[in-house]
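The next block is work_12.pdb, given as PDB, C-alpha atoms and all ligand atoms.
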```pdb
ATOM      1  CA  MET A   1     149.163 -46.423   4.361
ATOM      2  CA  LYS A   2     148.249 -44.556   1.169
ATOM      3  CA  THR A   3     151.610 -43.023   0.171
ATOM      4  CA  ILE A   4     155.359 -43.617   0.467
ATOM      5  CA  ASN A   5     157.581 -40.615   1.157
ATOM      6  CA  ILE A   6     161.173 -39.936   0.211
ATOM      7  CA  SER A   7     162.674 -40.921   3.550
ATOM      8  CA  GLN A   8     160.997 -44.329   3.291
ATOM      9  CA  LEU A   9     162.479 -44.708  -0.191
ATOM     10  CA  ILE A  10     165.911 -43.802   1.143
ATOM     11  CA  LYS A  11     165.432 -46.423   3.857
ATOM     12  CA  TRP A  12     164.562 -48.879   1.088
ATOM     13  CA  LEU A  13     167.766 -48.200  -0.834
ATOM     14  CA  GLU A  14     169.806 -48.569   2.368
ATOM     15  CA  LYS A  15     168.044 -51.817   3.113
ATOM     16  CA  ALA A  16     168.614 -53.056  -0.441
ATOM     17  CA  ALA A  17     172.342 -52.366  -0.062
ATOM     18  CA  LEU A  18     172.403 -54.390   3.141
ATOM     19  CA  VAL A  19     170.392 -57.225   1.605
ATOM     20  CA  MET A  20     172.720 -57.391  -1.423
ATOM     21  CA  GLN A  21     175.658 -57.596   0.956
ATOM     22  CA  GLU A  22     173.978 -60.412   2.921
ATOM     23  CA  ASN A  23     173.076 -62.278  -0.280
ATOM     24  CA  LYS A  24     176.313 -61.683  -2.147
ATOM     25  CA  ASP A  25     177.486 -65.312  -1.947
ATOM     26  CA  TYR A  26     174.022 -66.669  -2.711
ATOM     27  CA  LEU A  27     173.641 -64.531  -5.849
ATOM     28  CA  THR A  28     177.155 -65.396  -6.960
ATOM     29  CA  LYS A  29     176.464 -69.108  -6.438
ATOM     30  CA  LEU A  30     173.358 -68.845  -8.651
ATOM     31  CA  ASP A  31     175.362 -66.990 -11.300
ATOM     32  CA  SER A  32     178.184 -69.537 -11.096
ATOM     33  CA  ASP A  33     175.801 -72.377 -12.016
ATOM     34  CA  ILE A  34     174.772 -70.846 -15.351
ATOM     35  CA  GLY A  35     176.787 -67.634 -15.712
ATOM     36  CA  ASP A  36     180.149 -66.117 -14.794
ATOM     37  CA  ALA A  37     179.839 -65.997 -10.992
ATOM     38  CA  ASP A  38     179.795 -62.227 -10.519
ATOM     39  CA  HIS A  39     176.174 -61.246  -9.902
ATOM     40  CA  GLY A  40     176.575 -61.059  -6.111
ATOM     41  CA  PHE A  41     179.692 -58.935  -6.484
ATOM     42  CA  ASN A  42     177.984 -56.711  -9.074
ATOM     43  CA  MET A  43     174.866 -56.095  -6.991
ATOM     44  CA  GLU A  44     176.745 -55.500  -3.767
ATOM     45  CA  ARG A  45     179.084 -53.035  -5.421
ATOM     46  CA  GLY A  46     176.301 -51.169  -7.228
ATOM     47  CA  PHE A  47     173.988 -50.778  -4.265
ATOM     48  CA  ASN A  48     176.847 -49.928  -1.956
ATOM     49  CA  LYS A  49     177.727 -47.011  -4.259
ATOM     50  CA  VAL A  50     174.064 -45.989  -4.191
ATOM     51  CA  ARG A  51     174.127 -46.088  -0.381
ATOM     52  CA  GLU A  52     177.278 -43.953  -0.255
ATOM     53  CA  LYS A  53     175.474 -41.230  -2.194
ATOM     54  CA  LEU A  54     172.308 -41.259  -0.076
ATOM     55  CA  ASP A  55     173.635 -38.751   2.459
ATOM     56  CA  GLU A  56     173.957 -36.095  -0.239
ATOM     57  CA  LEU A  57     170.470 -36.935  -1.474
ATOM     58  CA  SER A  58     168.676 -37.077   1.852
ATOM     59  CA  ASN A  59     167.818 -33.354   1.671
ATOM     60  CA  SER A  60     166.329 -33.729  -1.745
ATOM     61  CA  LYS A  61     162.558 -33.525  -1.754
ATOM     62  CA  ASP A  62     162.157 -34.893  -5.216
ATOM     63  CA  ILE A  63     161.797 -38.636  -5.793
ATOM     64  CA  ALA A  64     162.631 -38.279  -9.486
ATOM     65  CA  SER A  65     166.144 -37.048  -8.665
ATOM     66  CA  LEU A  66     166.635 -39.800  -6.080
ATOM     67  CA  PHE A  67     165.756 -42.459  -8.653
ATOM     68  CA  LYS A  68     167.705 -40.761 -11.432
ATOM     69  CA  ASN A  69     170.796 -40.656  -9.288
ATOM     70  CA  THR A  70     170.325 -44.279  -8.270
ATOM     71  CA  GLY A  71     170.028 -45.341 -11.907
ATOM     72  CA  MET A  72     173.135 -43.432 -12.990
ATOM     73  CA  THR A  73     175.111 -44.846 -10.072
ATOM     74  CA  LEU A  74     174.098 -48.421 -10.907
ATOM     75  CA  ILE A  75     175.035 -47.949 -14.569
ATOM     76  CA  SER A  76     178.431 -46.504 -13.748
ATOM     77  CA  SER A  77     179.371 -48.929 -10.966
ATOM     78  CA  ILE A  78     178.198 -52.350 -12.199
ATOM     79  CA  GLY A  79     180.299 -53.996 -14.882
ATOM     80  CA  GLY A  80     177.872 -56.718 -15.971
ATOM     81  CA  ALA A  81     174.671 -56.795 -17.978
ATOM     82  CA  SER A  82     172.665 -56.130 -14.828
ATOM     83  CA  GLY A  83     174.134 -52.606 -14.384
ATOM     84  CA  PRO A  84     172.612 -51.002 -17.482
ATOM     85  CA  LEU A  85     169.402 -52.992 -16.940
ATOM     86  CA  TYR A  86     168.813 -52.009 -13.302
ATOM     87  CA  GLY A  87     170.093 -48.537 -14.143
ATOM     88  CA  THR A  88     167.480 -48.246 -16.878
ATOM     89  CA  LEU A  89     164.806 -49.468 -14.466
ATOM     90  CA  PHE A  90     165.459 -46.570 -12.070
ATOM     91  CA  LEU A  91     166.112 -43.965 -14.781
ATOM     92  CA  GLN A  92     162.915 -44.763 -16.647
ATOM     93  CA  ALA A  93     160.969 -44.919 -13.381
ATOM     94  CA  SER A  94     162.233 -41.423 -12.555
ATOM     95  CA  MET A  95     160.903 -40.065 -15.859
ATOM     96  CA  VAL A  96     157.271 -40.305 -14.746
ATOM     97  CA  LEU A  97     157.861 -38.892 -11.246
ATOM     98  CA  LYS A  98     158.737 -35.275 -11.974
ATOM     99  CA  ASP A  99     158.271 -33.112  -8.828
ATOM    100  CA  LYS A 100     156.761 -35.964  -6.804
ATOM    101  CA  THR A 101     157.555 -35.864  -3.117
ATOM    102  CA  GLU A 102     155.524 -38.952  -2.314
ATOM    103  CA  LEU A 103     154.158 -41.915  -4.216
ATOM    104  CA  ASN A 104     150.675 -43.352  -4.058
ATOM    105  CA  LEU A 105     149.857 -46.747  -5.509
ATOM    106  CA  ILE A 106     149.119 -45.264  -8.936
ATOM    107  CA  ASP A 107     152.518 -43.529  -9.001
ATOM    108  CA  LEU A 108     154.186 -46.731  -7.905
ATOM    109  CA  LYS A 109     152.517 -48.728 -10.658
ATOM    110  CA  ASN A 110     153.254 -46.064 -13.284
ATOM    111  CA  CYS A 111     156.923 -45.770 -12.432
ATOM    112  CA  LEU A 112     157.418 -49.534 -12.238
ATOM    113  CA  GLU A 113     155.704 -49.949 -15.580
ATOM    114  CA  ASN A 114     157.818 -47.286 -17.265
ATOM    115  CA  GLY A 115     160.959 -48.712 -15.678
ATOM    116  CA  VAL A 116     160.241 -52.288 -16.741
ATOM    117  CA  ASN A 117     159.342 -51.202 -20.268
ATOM    118  CA  GLY A 118     162.766 -49.551 -20.409
ATOM    119  CA  VAL A 119     164.459 -52.773 -19.292
ATOM    120  CA  LYS A 120     162.543 -54.726 -21.932
ATOM    121  CA  LEU A 121     163.490 -52.281 -24.679
ATOM    122  CA  ARG A 122     167.102 -52.401 -23.658
ATOM    123  CA  GLY A 123     167.481 -56.138 -23.021
ATOM    124  CA  LYS A 124     164.856 -57.449 -25.447
ATOM    125  CA  ALA A 125     163.766 -60.116 -22.939
ATOM    126  CA  SER A 126     160.165 -61.239 -22.409
ATOM    127  CA  VAL A 127     158.501 -63.239 -19.663
ATOM    128  CA  GLY A 128     159.714 -66.858 -19.903
ATOM    129  CA  ASP A 129     163.268 -66.034 -21.049
ATOM    130  CA  LYS A 130     164.675 -66.798 -17.574
ATOM    131  CA  THR A 131     165.751 -63.272 -16.621
ATOM    132  CA  MET A 132     164.861 -60.524 -14.144
ATOM    133  CA  ILE A 133     161.857 -59.817 -16.412
ATOM    134  CA  ASP A 134     160.192 -62.952 -14.991
ATOM    135  CA  VAL A 135     159.955 -61.063 -11.695
ATOM    136  CA  LEU A 136     159.683 -57.463 -12.899
ATOM    137  CA  ASP A 137     156.890 -57.927 -15.424
ATOM    138  CA  PRO A 138     154.352 -59.776 -13.226
ATOM    139  CA  ALA A 139     155.016 -57.167 -10.530
ATOM    140  CA  ILE A 140     153.276 -54.556 -12.721
ATOM    141  CA  GLN A 141     150.150 -56.690 -13.028
ATOM    142  CA  SER A 142     150.204 -57.313  -9.297
ATOM    143  CA  LEU A 143     150.153 -53.562  -8.597
ATOM    144  CA  SER A 144     147.341 -53.111 -11.146
ATOM    145  CA  ASP A 145     145.304 -55.795  -9.392
ATOM    146  CA  SER A 146     145.930 -54.164  -6.012
ATOM    147  CA  LEU A 147     144.847 -50.797  -7.400
ATOM    148  CA  ASN A 148     141.619 -52.300  -8.708
ATOM    149  CA  ALA A 149     141.013 -53.947  -5.346
ATOM    150  CA  ASN A 150     141.647 -50.595  -3.617
ATOM    151  CA  LEU A 151     144.325 -52.076  -1.354
ATOM    152  CA  SER A 152     146.677 -50.086   0.881
ATOM    153  CA  ILE A 153     150.332 -49.766  -0.120
ATOM    154  CA  ASN A 154     151.332 -52.274   2.555
ATOM    155  CA  GLU A 155     148.841 -54.843   1.291
ATOM    156  CA  ALA A 156     149.877 -54.174  -2.304
ATOM    157  CA  LEU A 157     153.549 -54.718  -1.492
ATOM    158  CA  GLU A 158     152.719 -57.833   0.487
ATOM    159  CA  ASN A 159     151.045 -59.257  -2.653
ATOM    160  CA  LEU A 160     153.768 -57.988  -4.938
ATOM    161  CA  VAL A 161     156.464 -59.824  -2.975
ATOM    162  CA  LYS A 162     154.484 -63.066  -3.249
ATOM    163  CA  VAL A 163     154.141 -62.611  -7.010
ATOM    164  CA  ALA A 164     157.847 -61.751  -7.263
ATOM    165  CA  GLU A 165     158.786 -64.887  -5.349
ATOM    166  CA  LYS A 166     156.673 -66.972  -7.704
ATOM    167  CA  GLY A 167     158.332 -65.333 -10.706
ATOM    168  CA  MET A 168     161.754 -65.986  -9.234
ATOM    169  CA  THR A 169     161.147 -69.692  -8.588
ATOM    170  CA  SER A 170     159.485 -70.080 -11.993
ATOM    171  CA  THR A 171     162.858 -69.399 -13.641
ATOM    172  CA  THR A 172     164.303 -72.719 -12.413
ATOM    173  CA  ASP A 173     162.444 -74.818 -14.983
ATOM    174  CA  LEU A 174     162.993 -72.417 -17.888
ATOM    175  CA  ILE A 175     165.531 -72.500 -20.713
ATOM    176  CA  ALA A 176     167.525 -69.255 -20.740
ATOM    177  CA  LYS A 177     166.917 -67.205 -23.887
ATOM    178  CA  LYS A 178     168.869 -64.064 -22.944
ATOM    179  CA  GLY A 179     172.155 -63.242 -21.244
ATOM    180  CA  ARG A 180     175.090 -65.548 -20.576
ATOM    181  CA  ALA A 181     172.913 -68.436 -19.368
ATOM    182  CA  SER A 182     171.435 -68.653 -22.885
ATOM    183  CA  TYR A 183     174.791 -70.024 -24.134
ATOM    184  CA  LEU A 184     173.992 -73.186 -22.140
ATOM    185  CA  GLY A 185     170.660 -73.810 -23.862
ATOM    186  CA  GLU A 186     168.857 -76.753 -22.244
ATOM    187  CA  ARG A 187     171.621 -77.141 -19.682
ATOM    188  CA  SER A 188     170.323 -73.961 -18.056
ATOM    189  CA  ILE A 189     167.232 -75.884 -16.905
ATOM    190  CA  GLY A 190     167.212 -76.686 -13.184
ATOM    191  CA  HIS A 191     168.899 -73.493 -12.005
ATOM    192  CA  GLN A 192     167.214 -70.370 -10.632
ATOM    193  CA  ASP A 193     168.136 -67.156 -12.444
ATOM    194  CA  ALA A 194     170.402 -64.816 -10.492
ATOM    195  CA  GLY A 195     168.888 -61.568 -11.788
ATOM    196  CA  ALA A 196     165.335 -62.732 -11.073
ATOM    197  CA  THR A 197     166.547 -63.431  -7.545
ATOM    198  CA  SER A 198     168.067 -59.965  -7.067
ATOM    199  CA  SER A 199     164.846 -58.392  -8.398
ATOM    200  CA  TYR A 200     162.854 -60.364  -5.816
ATOM    201  CA  LEU A 201     165.249 -59.158  -3.094
ATOM    202  CA  ILE A 202     164.801 -55.542  -4.209
ATOM    203  CA  PHE A 203     161.002 -55.805  -3.884
ATOM    204  CA  LYS A 204     161.272 -57.640  -0.569
ATOM    205  CA  SER A 205     163.524 -54.858   0.732
ATOM    206  CA  LEU A 206     160.917 -52.282  -0.285
ATOM    207  CA  LYS A 207     158.162 -54.116   1.570
ATOM    208  CA  GLU A 208     160.296 -54.422   4.676
ATOM    209  CA  ALA A 209     161.603 -50.847   4.561
ATOM    210  CA  ILE A 210     158.194 -49.188   4.516
ATOM    211  CA  ASN A 211     156.675 -51.325   7.256
TER
HETATM  212  P1  LIG B 301     176.677 -60.594 -16.548
HETATM  213  O1  LIG B 301     175.766 -61.634 -17.134
HETATM  214  O2  LIG B 301     177.135 -59.599 -17.547
HETATM  215  O3  LIG B 301     177.795 -61.205 -15.750
HETATM  216  P2  LIG B 301     175.193 -60.179 -14.101
HETATM  217  O4  LIG B 301     175.724 -61.498 -13.699
HETATM  218  O5  LIG B 301     175.367 -59.082 -13.117
HETATM  219  O6  LIG B 301     175.755 -59.741 -15.499
HETATM  220  O7  LIG B 301     173.622 -60.280 -14.362
HETATM  221  C1  LIG B 301     173.050 -61.429 -14.920
HETATM  222  C2  LIG B 301     171.546 -61.310 -14.879
HETATM  223  O8  LIG B 301     171.105 -60.275 -15.738
HETATM  224  C3  LIG B 301     170.836 -62.558 -15.358
HETATM  225  O9  LIG B 301     170.667 -63.482 -14.306
HETATM  226  C4  LIG B 301     169.513 -62.041 -15.909
HETATM  227  O10 LIG B 301     168.500 -62.017 -14.910
HETATM  228  C5  LIG B 301     169.837 -60.620 -16.270
HETATM  229  N1  LIG B 301     169.881 -60.440 -17.718
HETATM  230  C6  LIG B 301     170.892 -60.766 -18.563
HETATM  231  N2  LIG B 301     170.585 -60.405 -19.824
HETATM  232  C7  LIG B 301     169.340 -59.865 -19.783
HETATM  233  C8  LIG B 301     168.458 -59.292 -20.764
HETATM  234  N3  LIG B 301     168.804 -59.218 -22.041
HETATM  235  N4  LIG B 301     167.271 -58.808 -20.330
HETATM  236  C9  LIG B 301     166.921 -58.864 -19.028
HETATM  237  N5  LIG B 301     167.707 -59.386 -18.069
HETATM  238  C10 LIG B 301     168.897 -59.878 -18.437
HETATM  239 MG    MG B 302     177.333 -62.618 -14.222
HETATM  240 MG    MG B 303     179.858 -60.666 -15.707
END
```

Would you give me this structure, written as structure tokens?
Amino acid sequence: MKTINISQLIKWLEKAALVMQENKDYLTKLDSDIGDADHGFNMERGFNKVREKLDELSNSKDIASLFKNTGMTLISSIGGASGPLYGTLFLQASMVLKDKTELNLIDLKNCLENGVNGVKLRGKASVGDKTMIDVLDPAIQSLSDSLNANLSINEALENLVKVAEKGMTSTTDLIAKKGRASYLGERSIGHQDAGATSSYLIFKSLKEAIN
């Protein structure tokens, strides 16, 4: 497969909503260890609102408006830090997709890169700070590598999910430098970051939805 179309992306967002529902308790458990125990609730609520709006958007041919709408919905429906951050990810991704009706691997890499740069600007986190950035940032490099290797979208997403999983598990041994977990300092060591986990689930949902 060389491109992803809008109905596959809609399937992805539906899948992500389902996956957040299934992982609500898991994400909340992770956030209860080093945060305030609401990440599962936040993600389920946000993506459920996104899913509710998909019917209206299913006639839209333009991926930029799908992502823009998703970003705005996440910002307005998630109370925690993750709302503005995931919202920014989708909003900034939409900025480089004007008039696109399908995405090739270059588009995918470009929109992820712009989205993640937005999250970094907003949250000021870098790789190693024990946040969602530990999954989101290496995902860009993974897509770059797949582009250079001339891989199909399926192969690229297969690799991306592996890289995302590695990023997610890498957060366990880190000291949190951003977000609520940073208040715990060294006591945050030994716990996997909740937001890195939801980012991994979002990529995994994409891989599964387009297969
Ligand atoms: P809150 O911390 O406000 O309760 P959530 O629990 O929904 O919000 O989200 C927490 C997650 O958000 C963390 O696990 C972390 O991955 C991510 N996060 C927090 N602050 C930042 C930041 N400044 N930059 C990037 N990600 C962050
Ligand atoms: Mg929380
Ligand atoms: Mg909170």

Hey, which residues come within 10 Å of ligand MG 302 (chain B) if we count only C-alpha atoms and all ligand atoms? Could you give them as a PDB file with C-alpha atoms, in the frame of the given file?
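Generated file (result-v2.pdb):
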```pdb
ATOM      1  CA  LEU A  27     173.641 -64.531  -5.849  1.00  0.00           C
ATOM      2  CA  THR A  28     177.155 -65.396  -6.960  1.00  0.00           C
ATOM      3  CA  LEU A  30     173.358 -68.845  -8.651  1.00  0.00           C
ATOM      4  CA  ASP A  31     175.362 -66.990 -11.300  1.00  0.00           C
ATOM      5  CA  SER A  32     178.184 -69.537 -11.096  1.00  0.00           C
ATOM      6  CA  ILE A  34     174.772 -70.846 -15.351  1.00  0.00           C
ATOM      7  CA  GLY A  35     176.787 -67.634 -15.712  1.00  0.00           C
ATOM      8  CA  ASP A  36     180.149 -66.117 -14.794  1.00  0.00           C
ATOM      9  CA  ALA A  37     179.839 -65.997 -10.992  1.00  0.00           C
ATOM     10  CA  ASP A  38     179.795 -62.227 -10.519  1.00  0.00           C
ATOM     11  CA  HIS A  39     176.174 -61.246  -9.902  1.00  0.00           C
ATOM     12  CA  GLY A  40     176.575 -61.059  -6.111  1.00  0.00           C
ATOM     13  CA  PHE A  41     179.692 -58.935  -6.484  1.00  0.00           C
ATOM     14  CA  ASN A  42     177.984 -56.711  -9.074  1.00  0.00           C
ATOM     15  CA  GLY A  79     180.299 -53.996 -14.882  1.00  0.00           C
ATOM     16  CA  GLY A  80     177.872 -56.718 -15.971  1.00  0.00           C
ATOM     17  CA  ALA A  81     174.671 -56.795 -17.978  1.00  0.00           C
ATOM     18  CA  SER A  82     172.665 -56.130 -14.828  1.00  0.00           C
ATOM     19  CA  GLY A 179     172.155 -63.242 -21.244  1.00  0.00           C
ATOM     20  CA  ARG A 180     175.090 -65.548 -20.576  1.00  0.00           C
ATOM     21  CA  ALA A 181     172.913 -68.436 -19.368  1.00  0.00           C
ATOM     22  CA  ALA A 194     170.402 -64.816 -10.492  1.00  0.00           C
ATOM     23  CA  GLY A 195     168.888 -61.568 -11.788  1.00  0.00           C
TER      24      GLY A 195
END
```

Determine the residue membership of the PyMOL selection byres (((chain A and resi 61) around 10) and not hetatm) for the file above and supply it as a ChimeraX atom specification.
/A:5-7,57-60,62-66,99-102

Selected residue of minimal separation from ligand MG 303 (chain B) among A:Ile78, A:Gln21, A:Asp129, A:Val50, counting only C-alpha atoms and all ligand atoms
A:Ile78

Nearest residue to ligand LIG 301 (chain B) out of A:Asp145, A:Glu165, A:Asp173, A:Asp137, using all atoms listed in the file?
A:Asp137

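Ranking A:Lys49, A:Lys177, A:Lys2, A:Lys204 by their shortest atom-to-atom distance to ligand LIG 301 (chain B), with all atoms listed in the file included, puts A:Lys177 first.
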
When you look at Gly71 of chain A with a cut-off of 8 Å (counting only C-alpha atoms), what residues show up, excluding the ones that are within fewer than 4 positions of it in the same chain? I need them as a ChimeraX atom specification.
/A:67,75,86-91

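The coordinates place atom O2 of ligand LIG 301 (chain B) at 29.1 Å from atom CA of Leu143 of chain A.
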
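Distance annotation: of A:Ser182, A:Leu157, A:Leu147, A:Lys98, the residue with the minimal separation from Ala209 of chain A is A:Leu157; atom set is all atoms listed in the file.
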
Contacts of Leu174 of chain A within 12 Å, only C-alpha atoms, excl. fewer than 5 positions in-chain, as a compact mmCIF listing (two decimals) with C-alpha atoms, in the coordinates of the input:
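File produced: part-v9.txt:
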```txt
# COMPACT_ATOMS: atom_id res chain seq x y z
CA VAL A 127 158.50 -63.24 -19.66
CA GLY A 128 159.71 -66.86 -19.90
CA ASP A 129 163.27 -66.03 -21.05
CA LYS A 130 164.68 -66.80 -17.57
CA THR A 131 165.75 -63.27 -16.62
CA ASP A 134 160.19 -62.95 -14.99
CA GLY A 167 158.33 -65.33 -10.71
CA MET A 168 161.75 -65.99 -9.23
CA THR A 169 161.15 -69.69 -8.59
CA ALA A 181 172.91 -68.44 -19.37
CA SER A 182 171.44 -68.65 -22.88
CA LEU A 184 173.99 -73.19 -22.14
CA GLY A 185 170.66 -73.81 -23.86
CA GLU A 186 168.86 -76.75 -22.24
CA ARG A 187 171.62 -77.14 -19.68
CA SER A 188 170.32 -73.96 -18.06
CA ILE A 189 167.23 -75.88 -16.90
CA GLY A 190 167.21 -76.69 -13.18
CA HIS A 191 168.90 -73.49 -12.00
CA GLN A 192 167.21 -70.37 -10.63
CA ASP A 193 168.14 -67.16 -12.44
```

Starting from the displayed file, determine the output of the PyMOL selection byres (((chain A and resi 164) around 8) and not hetatm) and express the residue list as a PyMOL selection string.
chain A and resi 135-136+138-139+160-163+165-168+199-200+203

Go through A:Met43, A:Leu85, A:Ile175, A:Leu54 one by one, measure the shortest atom-to-atom distance of each to Ile10 of chain A using only C-alpha atoms, and give the residue with the smallest value.
A:Leu54

Calculated over all atoms listed in the file, which of the candidates A:Ile153, A:Val116, A:Ala125, A:Ala176 has the smallest distance to Ser94 of chain A?
A:Val116

Atomic distance atom CA of Trp12 of chain A - atom CA of Ile202 of chain A, expressed in Å with one decimal
8.5 Å
